[in-house]
Each structure stands twice: as structure tokens, then as C-alpha cells.
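Inspection log for the structure reproduced underneath, given as C-alpha cells.
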Amino acid sequence: MKITLKSLPIILFTIIIATSTAVIAQDDTLNLNNAITISLQNNNRYKISQEKVHEKSLKINEVWGELWPQFSSDASATRWVADKGTLTGSDGQYTIDIVKGTIAINPGDFYNKLKASREDYIISVNDERKVKSDTIVKTIQLYYGVLLEQEMVKFRIDSLRALEENLHVVETGYKNGMYTQLVFLRAKVAAANETTRLINARKDYEQTKSAFNIQLGQETDMPVNLDTSPLHLTGDVDNNLFTVNDAELMNHYDEFINIAVKNRPELLQLNHLKNFYQYKEMQNDSVYLWPTFFVNGTYGATELINPKGDVDTGMGDTTNFIVNSFNSEINYKGWNKNWNITVGAVYRWGTLSPVDATRSKSDEFKSLTQQTDLELEDFIKSLKLEIKDGLLGLVAASHAIQSQRDNIASAKESVRVAVLQFKNGMIDNTELLNANVELSNATTMYIQSLYDFQVSKAKLNRALGYDYFSF
């Protein structure tokens, strides 16, 4: 075939467009799984959620620690002056308590506090899962966003190169009288429009790349080199989705609802938050439902300061005689070892009053429980809608991908036919440019469909609280 100046840019345009979506293999690329791992490692919100889990586990240990007696030791010196009575036998005493122990437990308070702390721990675990899920979805969105914006930039560069070459040929032909002014102006407008699209594509790519770098914990201007193989959609899961009809895919709705009810972190959080409030309510009620049992004990020694032999009790000579007969025991010289233990129970009957602060606090938690019931009801409604939207988005994206795959092939064939007809003078430059615009639109819609398809899978995984779809 003879290549003329007039046909050269059109042929170049066709070749460039046909290869614009090709993926170039690169070494040392960052794949999606590694990107997710890095984003989790550098996500402060995720680290905080992990620390929260540790904090709540320590809270459980703190409650268990209430069963351990409080031990202490102390030493004291007491001075006194007495004219009458047994205290006249000395000027005071030294006291050393080698071990003092005390424990006080309200069984109902302890049990419900322990159960509430466990529920609080489970809430923090599910919050960690929620943050992790949000981080993964965000990373997947940005990962595919970078890939697709990168492909759009490549496509726009190739398109602009072909349109500029075409404009150069048309301009030359216009000056030589081969083309009309209208053909020249249309070629000029087409090139200018593609220039604007390229500018916008580069801006979108830089913005997405910056956001992706932030997600990975890197500086915004760091270069990214991503594995482009996901653009091929060669996985078995993806291929199976394309073969499933709409009705069959939507039949998974009830299945997905059941999975989400068992696994969705936010839903589990609300359920355990309700339990937490109920246990806190019963904890406050335990103040008047249960007595507080206590045990106190000490072991130590005392020594009198300047013990006296004669004690004047102030109760007569007979009493003085009897007391002083045992003076060696009462006013023992040296250290006197002693111990004591007290067991008892205290009941706060005052909490039976409806104006007591404990009763009011119990009613507060009862109100919070009712509020949580309403939140659960609303969340389940929104969850159903989220799953329905995710399924519809997946169906639409899979159909769009299949449709645009065929459409791109048709658009490429349209450009090929337009080139031949233009060479033979059957159509003008406007129709040729229209064919190229249609190919551009088809490619753009295909790339957008790829993005929608992968993001729909990620959002459904988050809605389910379970990695149902793989990447």
C-alpha cells in the first residue's frame, strides 16, 4: 500500500489508538496485597484502634484485680496524757502493722462490671476490624484509581499526538488548497479539546497518586510503580462474575444479608454496645440488690512508751488492786505481737430512694439501651440498601466491561473503515474525527467500568464484613 502525506497521520492514529490500552510489564512493581499491607502498617488510625484493643484488655484485668486484697504496712507513734484510767499506765505506744489487708466486694457489681468490660473489649475489637476494612477499601480504590488514571494519561497522550499530526497535515493541505477552512478548523478544535482532556487527565492522575502516597504513609510526590496485571481481569472470580446473569447474582442478596449480620463490625459493635449498657445498668442496680461483703485484717506489734507499774483507774482502791494485779499483762514491757480480722457486710438501703444518684444512673443506661435498639434498626435498613447498591453496581460494571470490550473492537474497526473511506474521498475529515472520538469515548468508558467493577467488589466486602470477593 502506498503511504501518502495525507494518509500517514490517519494510519499512525489508528495504530496508536489500537495499542493505547496495552499494558507494559515492569519489574519491581507494587502489587495490591503489598499496598494494603503497607497502608495498614502506616495508618495511625488503625494503630490507635489496635492500642484501644490492648487498653480494653487491660481494663478486664483491672476488674479481676478487685478480687485481690489490698495489702499495706505502716508504723506509728501515739502520745497521750491521762490522769485516770488505764491510759495512765504509759505515755503512749509505738505501733507497727506488718501486714494490713482489706477486700470489699459487691457480687452483683463485680459480675456486671466484668461482663461490661468484656463487651467493651469486643466493641474495640470490632472497631479495629472496621478501621482495617475502611483502610483496605480506600487502598483498593486508590490503587485502581492510580492505574486507571495512568492509563487515561497514556491514552490522551497518544490521542493528542495523532490529532496534532492530523492537524499538521490538514493545515498543510489547507494552505495548498486541498482542504476547506471548515475541515482545518475542525481538526484544530479536535486537537485543542484533546489537549484540555490531557491536562485534566494529568491533574487527576497527580491528585490520585498523591492521595495513594498519603495512604501508604509516603510523601505526596513519591513515584509509584504499580502492577498493571489487574487491568486484564483474568482472575477466575472475575470471569465467573461475567458469566452470572443478573437474576442469579441478585439472588445472593439474602445470603449477603445473613453474612453481614454475622460479620459486619459496626453491627456487632451495636449489639455489644447494647449488652454493655445493660450490664452497666445492672451494675448500678447491684448497689441496692446486693450487700457489699468485706474482710479486714492486720498483723503487727505494739510497744508501750514508759509503762508504769501502778495504775490509778479512778475507780477505787479495790479496782486499782485488781488492775495492778494484772499490770504485767496490761502494761507489758517490750513488743507485743497482735493480729485481728473482721468479716462483715454493708447494705446501702438509701439507694432504694428514687432520688438516689445510683438509681438515676441506672435509668440513664436503660435509656441508652433503648437508643441503641433504634440505631440497630436503622443500621440494618442502611445495610440492606448498601448490599443492594453494591450488587447493582457490580452487575452494571460487569455488563459495562463486557459491552465496552466489544464496543472498543467495533470502534477500532470504525476507525479503520473511516481511514479507508477518507483516503478514497468518500467522507471528509469531520467523520474521521468522529470515529476517533467514538473510540476515545469507548476506551474511557471501559476504563471507568474497570474501576467501578473493582470498587464495587471492595465495597461489598466491606458491607459484608467478610472477604467474599478476592482481588
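To be explicit about the labels: the chains of the C-alpha cells are called A, B, and onward in the order shown, and within each one the residues are counted from 1, while ligands get numbers from 1 in the order they are shown.
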What are the DSSP strand (DSSP E or B) residues of segment 29-86 of chain A, as a PDB file with C-alpha atoms, in the first residue's frame?
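Below you can see selection-v5.pdb, which holds the result:
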ATOM      1  CA  LEU A  30       3.969  -2.789  43.889  1.00  0.00           C
ATOM      2  CA  GLN A  70      -5.232  -4.509  99.211  1.00  0.00           C
ATOM      3  CA  PHE A  71      -2.125  -5.090 101.318  1.00  0.00           C
ATOM      4  CA  SER A  72      -0.105  -2.451 103.126  1.00  0.00           C
ATOM      5  CA  SER A  73       2.221  -1.873 106.058  1.00  0.00           C
ATOM      6  CA  ASP A  74       2.541   1.095 108.394  1.00  0.00           C
ATOM      7  CA  ALA A  75       4.237   2.343 111.543  1.00  0.00           C
ATOM      8  CA  SER A  76       3.021   4.983 114.003  1.00  0.00           C
ATOM      9  CA  ALA A  77       3.775   6.571 117.382  1.00  0.00           C
ATOM     10  CA  THR A  78       0.972   7.807 119.640  1.00  0.00           C
ATOM     11  CA  ARG A  79       1.442  10.020 122.724  1.00  0.00           C
TER      12      ARG A  79
END
From a backbone DSSP assignment, name each residue in segment 319-455 of chain A labelled helix (DSSP H, G or I), as a PyMOL selection string. chain A and resi 319-325+327-330+349-352+357-423+429-455
Take the residues just selected and output them with C-alpha atoms as a compact mmCIF listing (two decimals), in the first residue's frame.
# COMPACT_ATOMS: atom_id res chain seq x y z
CA THR A 319 -10.35 -1.78 141.27
CA ASN A 320 -6.82 -0.42 141.33
CA PHE A 321 -5.68 -3.52 143.19
CA ILE A 322 -7.31 -5.86 140.71
CA VAL A 323 -5.97 -3.94 137.71
CA ASN A 324 -2.45 -3.71 139.04
CA SER A 325 -2.53 -7.43 139.83
CA ASN A 327 -0.34 -4.98 135.36
CA SER A 328 2.39 -7.13 133.93
CA GLU A 329 -0.04 -8.21 131.24
CA ILE A 330 -1.74 -4.84 130.70
CA TRP A 349 -30.63 0.90 101.88
CA GLY A 350 -30.52 4.58 100.97
CA THR A 351 -30.24 3.62 97.29
CA LEU A 352 -33.84 2.41 97.40
CA ALA A 357 -27.86 9.19 92.20
CA THR A 358 -27.29 5.47 91.61
CA ARG A 359 -30.91 4.93 90.61
CA SER A 360 -30.72 7.85 88.18
CA LYS A 361 -27.56 6.46 86.63
CA SER A 362 -29.27 3.10 86.18
CA ASP A 363 -32.14 4.82 84.34
CA GLU A 364 -29.61 6.62 82.12
CA PHE A 365 -28.18 3.30 80.92
CA LYS A 366 -31.68 1.97 80.35
CA SER A 367 -32.33 4.95 78.06
CA LEU A 368 -29.03 4.33 76.23
CA THR A 369 -30.08 0.72 75.66
CA GLN A 370 -33.32 1.87 74.03
CA GLN A 371 -31.39 4.34 71.86
CA THR A 372 -29.09 1.54 70.71
CA ASP A 373 -32.11 -0.56 69.70
CA LEU A 374 -33.21 2.27 67.41
CA GLU A 375 -29.67 2.62 65.98
CA LEU A 376 -29.63 -1.11 65.27
CA GLU A 377 -32.91 -0.89 63.42
CA ASP A 378 -31.68 2.00 61.26
CA PHE A 379 -28.31 0.37 60.61
CA ILE A 380 -29.89 -2.86 59.38
CA LYS A 381 -32.00 -0.83 56.96
CA SER A 382 -28.95 1.02 55.65
CA LEU A 383 -27.02 -2.25 55.48
CA LYS A 384 -29.66 -3.81 53.24
CA LEU A 385 -29.54 -0.78 50.98
CA GLU A 386 -25.73 -0.85 50.92
CA ILE A 387 -25.68 -4.50 49.85
CA LYS A 388 -28.39 -3.92 47.24
CA ASP A 389 -26.48 -0.94 45.80
CA GLY A 390 -23.26 -2.96 45.80
CA LEU A 391 -24.86 -5.82 43.88
CA LEU A 392 -26.46 -3.46 41.38
CA GLY A 393 -23.13 -1.67 40.92
CA LEU A 394 -21.35 -4.98 40.36
CA VAL A 395 -23.94 -6.09 37.80
CA ALA A 396 -23.80 -2.75 35.98
CA ALA A 397 -19.99 -2.65 35.95
CA SER A 398 -19.63 -6.24 34.71
CA HIS A 399 -22.10 -5.60 31.89
CA ALA A 400 -20.36 -2.34 31.04
CA ILE A 401 -17.00 -4.09 30.82
CA GLN A 402 -18.36 -6.77 28.51
CA SER A 403 -20.19 -4.19 26.45
CA GLN A 404 -17.25 -1.84 26.15
CA ARG A 405 -14.85 -4.65 25.27
CA ASP A 406 -16.96 -5.35 22.19
CA ASN A 407 -17.56 -1.66 21.68
CA ILE A 408 -13.83 -0.90 21.59
CA ALA A 409 -13.38 -3.56 18.93
CA SER A 410 -16.21 -2.02 16.94
CA ALA A 411 -14.81 1.48 17.42
CA LYS A 412 -11.38 0.37 16.21
CA GLU A 413 -12.98 -1.21 13.14
CA SER A 414 -14.94 2.01 12.61
CA VAL A 415 -11.70 4.00 12.61
CA ARG A 416 -10.14 1.53 10.16
CA VAL A 417 -13.11 1.85 7.77
CA ALA A 418 -13.15 5.64 8.18
CA VAL A 419 -9.47 5.80 7.23
CA LEU A 420 -10.13 3.86 4.03
CA GLN A 421 -13.15 5.93 3.12
CA PHE A 422 -11.29 9.14 3.87
CA LYS A 423 -8.44 8.03 1.61
CA ASN A 429 -12.14 14.82 7.93
CA THR A 430 -15.09 15.51 10.27
CA GLU A 431 -16.45 11.98 10.02
CA LEU A 432 -12.99 10.57 10.51
CA LEU A 433 -12.56 12.62 13.67
CA ASN A 434 -15.98 11.50 14.87
CA ALA A 435 -14.89 7.89 14.51
CA ASN A 436 -11.80 8.66 16.56
CA VAL A 437 -13.88 10.43 19.22
CA GLU A 438 -16.13 7.39 19.47
CA LEU A 439 -13.09 5.18 20.02
CA SER A 440 -11.86 7.59 22.67
CA ASN A 441 -15.22 7.55 24.46
CA ALA A 442 -15.43 3.76 24.29
CA THR A 443 -11.97 3.40 25.81
CA THR A 444 -12.75 5.93 28.54
CA MET A 445 -15.96 4.14 29.47
CA TYR A 446 -14.14 0.80 29.54
CA ILE A 447 -11.51 2.13 31.93
CA GLN A 448 -14.21 3.64 34.16
CA SER A 449 -16.08 0.32 34.13
CA LEU A 450 -12.95 -1.48 35.29
CA TYR A 451 -12.67 0.92 38.19
CA ASP A 452 -16.37 0.61 39.10
CA PHE A 453 -16.14 -3.18 38.95
CA GLN A 454 -13.21 -3.49 41.37
CA VAL A 455 -14.50 -0.81 43.74
Work out how far apart atom CA of Asn43 of chain A and atom CA of Arg129 of chain A are and give it in Å to one decimal.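 Atom-to-atom, atom CA of Asn43 of chain A to atom CA of Arg129 of chain A, that is 13.3 Å.
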Each residue of segment 115-228 of chain A with at least one atom at most 7 Å from segment 261-268 of chain A should appear once, together with its nearest atom pair and the corresponding distance in Å (one decimal); atoms considered: only C-alpha atoms; ordering: chain, then increasing residue number; output as a tab-separated table.
residue	atom	partner	partner_atom	distance
A:Asn126	CA	A:Pro265	CA	4.8
A:Asp127	CA	A:Pro265	CA	6.7
A:Arg129	CA	A:Pro265	CA	6.2
A:Lys130	CA	A:Pro265	CA	5.6
Give me the residues near segment 204-221 of chain A as a PyMOL selection string, where near means some atom within 10 Å (using only C-alpha atoms) and where sequence neighbours in that chain fewer than 5 positions away do not count. chain A and resi 35-44+135-136+138-153+198-199
Suppose we keep C-alpha atoms; can you now write the selection as a PDB file, in the first residue's frame?
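Written out: result31.pdb:
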ATOM      1  CA  ALA A  35      -0.052  -1.890  49.020  1.00  0.00           C
ATOM      2  CA  ILE A  36      -2.724  -2.977  51.514  1.00  0.00           C
ATOM      3  CA  THR A  37      -0.081  -4.275  53.940  1.00  0.00           C
ATOM      4  CA  ILE A  38       1.923  -1.044  53.746  1.00  0.00           C
ATOM      5  CA  SER A  39      -1.154   1.149  54.182  1.00  0.00           C
ATOM      6  CA  LEU A  40      -2.167  -0.784  57.306  1.00  0.00           C
ATOM      7  CA  GLN A  41       1.344  -0.554  58.737  1.00  0.00           C
ATOM      8  CA  ASN A  42       1.401   3.227  58.285  1.00  0.00           C
ATOM      9  CA  ASN A  43      -2.192   4.060  59.161  1.00  0.00           C
ATOM     10  CA  ASN A  44      -2.257   5.857  62.523  1.00  0.00           C
ATOM     11  CA  THR A 135      -8.360   1.232  55.094  1.00  0.00           C
ATOM     12  CA  ILE A 136      -8.398  -1.732  52.707  1.00  0.00           C
ATOM     13  CA  LYS A 138      -9.630   3.074  50.473  1.00  0.00           C
ATOM     14  CA  THR A 139      -6.362   1.472  49.359  1.00  0.00           C
ATOM     15  CA  ILE A 140      -8.110  -0.594  46.684  1.00  0.00           C
ATOM     16  CA  GLN A 141      -9.933   2.487  45.396  1.00  0.00           C
ATOM     17  CA  LEU A 142      -6.737   4.498  45.180  1.00  0.00           C
ATOM     18  CA  TYR A 143      -4.698   1.596  43.756  1.00  0.00           C
ATOM     19  CA  TYR A 144      -7.104   1.091  40.862  1.00  0.00           C
ATOM     20  CA  GLY A 145      -7.597   4.831  40.636  1.00  0.00           C
ATOM     21  CA  VAL A 146      -3.870   5.344  40.011  1.00  0.00           C
ATOM     22  CA  LEU A 147      -3.791   2.515  37.464  1.00  0.00           C
ATOM     23  CA  LEU A 148      -6.767   3.804  35.527  1.00  0.00           C
ATOM     24  CA  GLU A 149      -5.772   7.461  35.634  1.00  0.00           C
ATOM     25  CA  GLN A 150      -2.338   6.387  34.420  1.00  0.00           C
ATOM     26  CA  GLU A 151      -3.907   4.551  31.513  1.00  0.00           C
ATOM     27  CA  MET A 152      -6.041   7.589  30.725  1.00  0.00           C
ATOM     28  CA  VAL A 153      -2.950   9.805  30.578  1.00  0.00           C
ATOM     29  CA  LEU A 198      -4.846  15.520  28.600  1.00  0.00           C
ATOM     30  CA  ILE A 199      -4.349  18.392  31.060  1.00  0.00           C
TER      31      ILE A 199
END
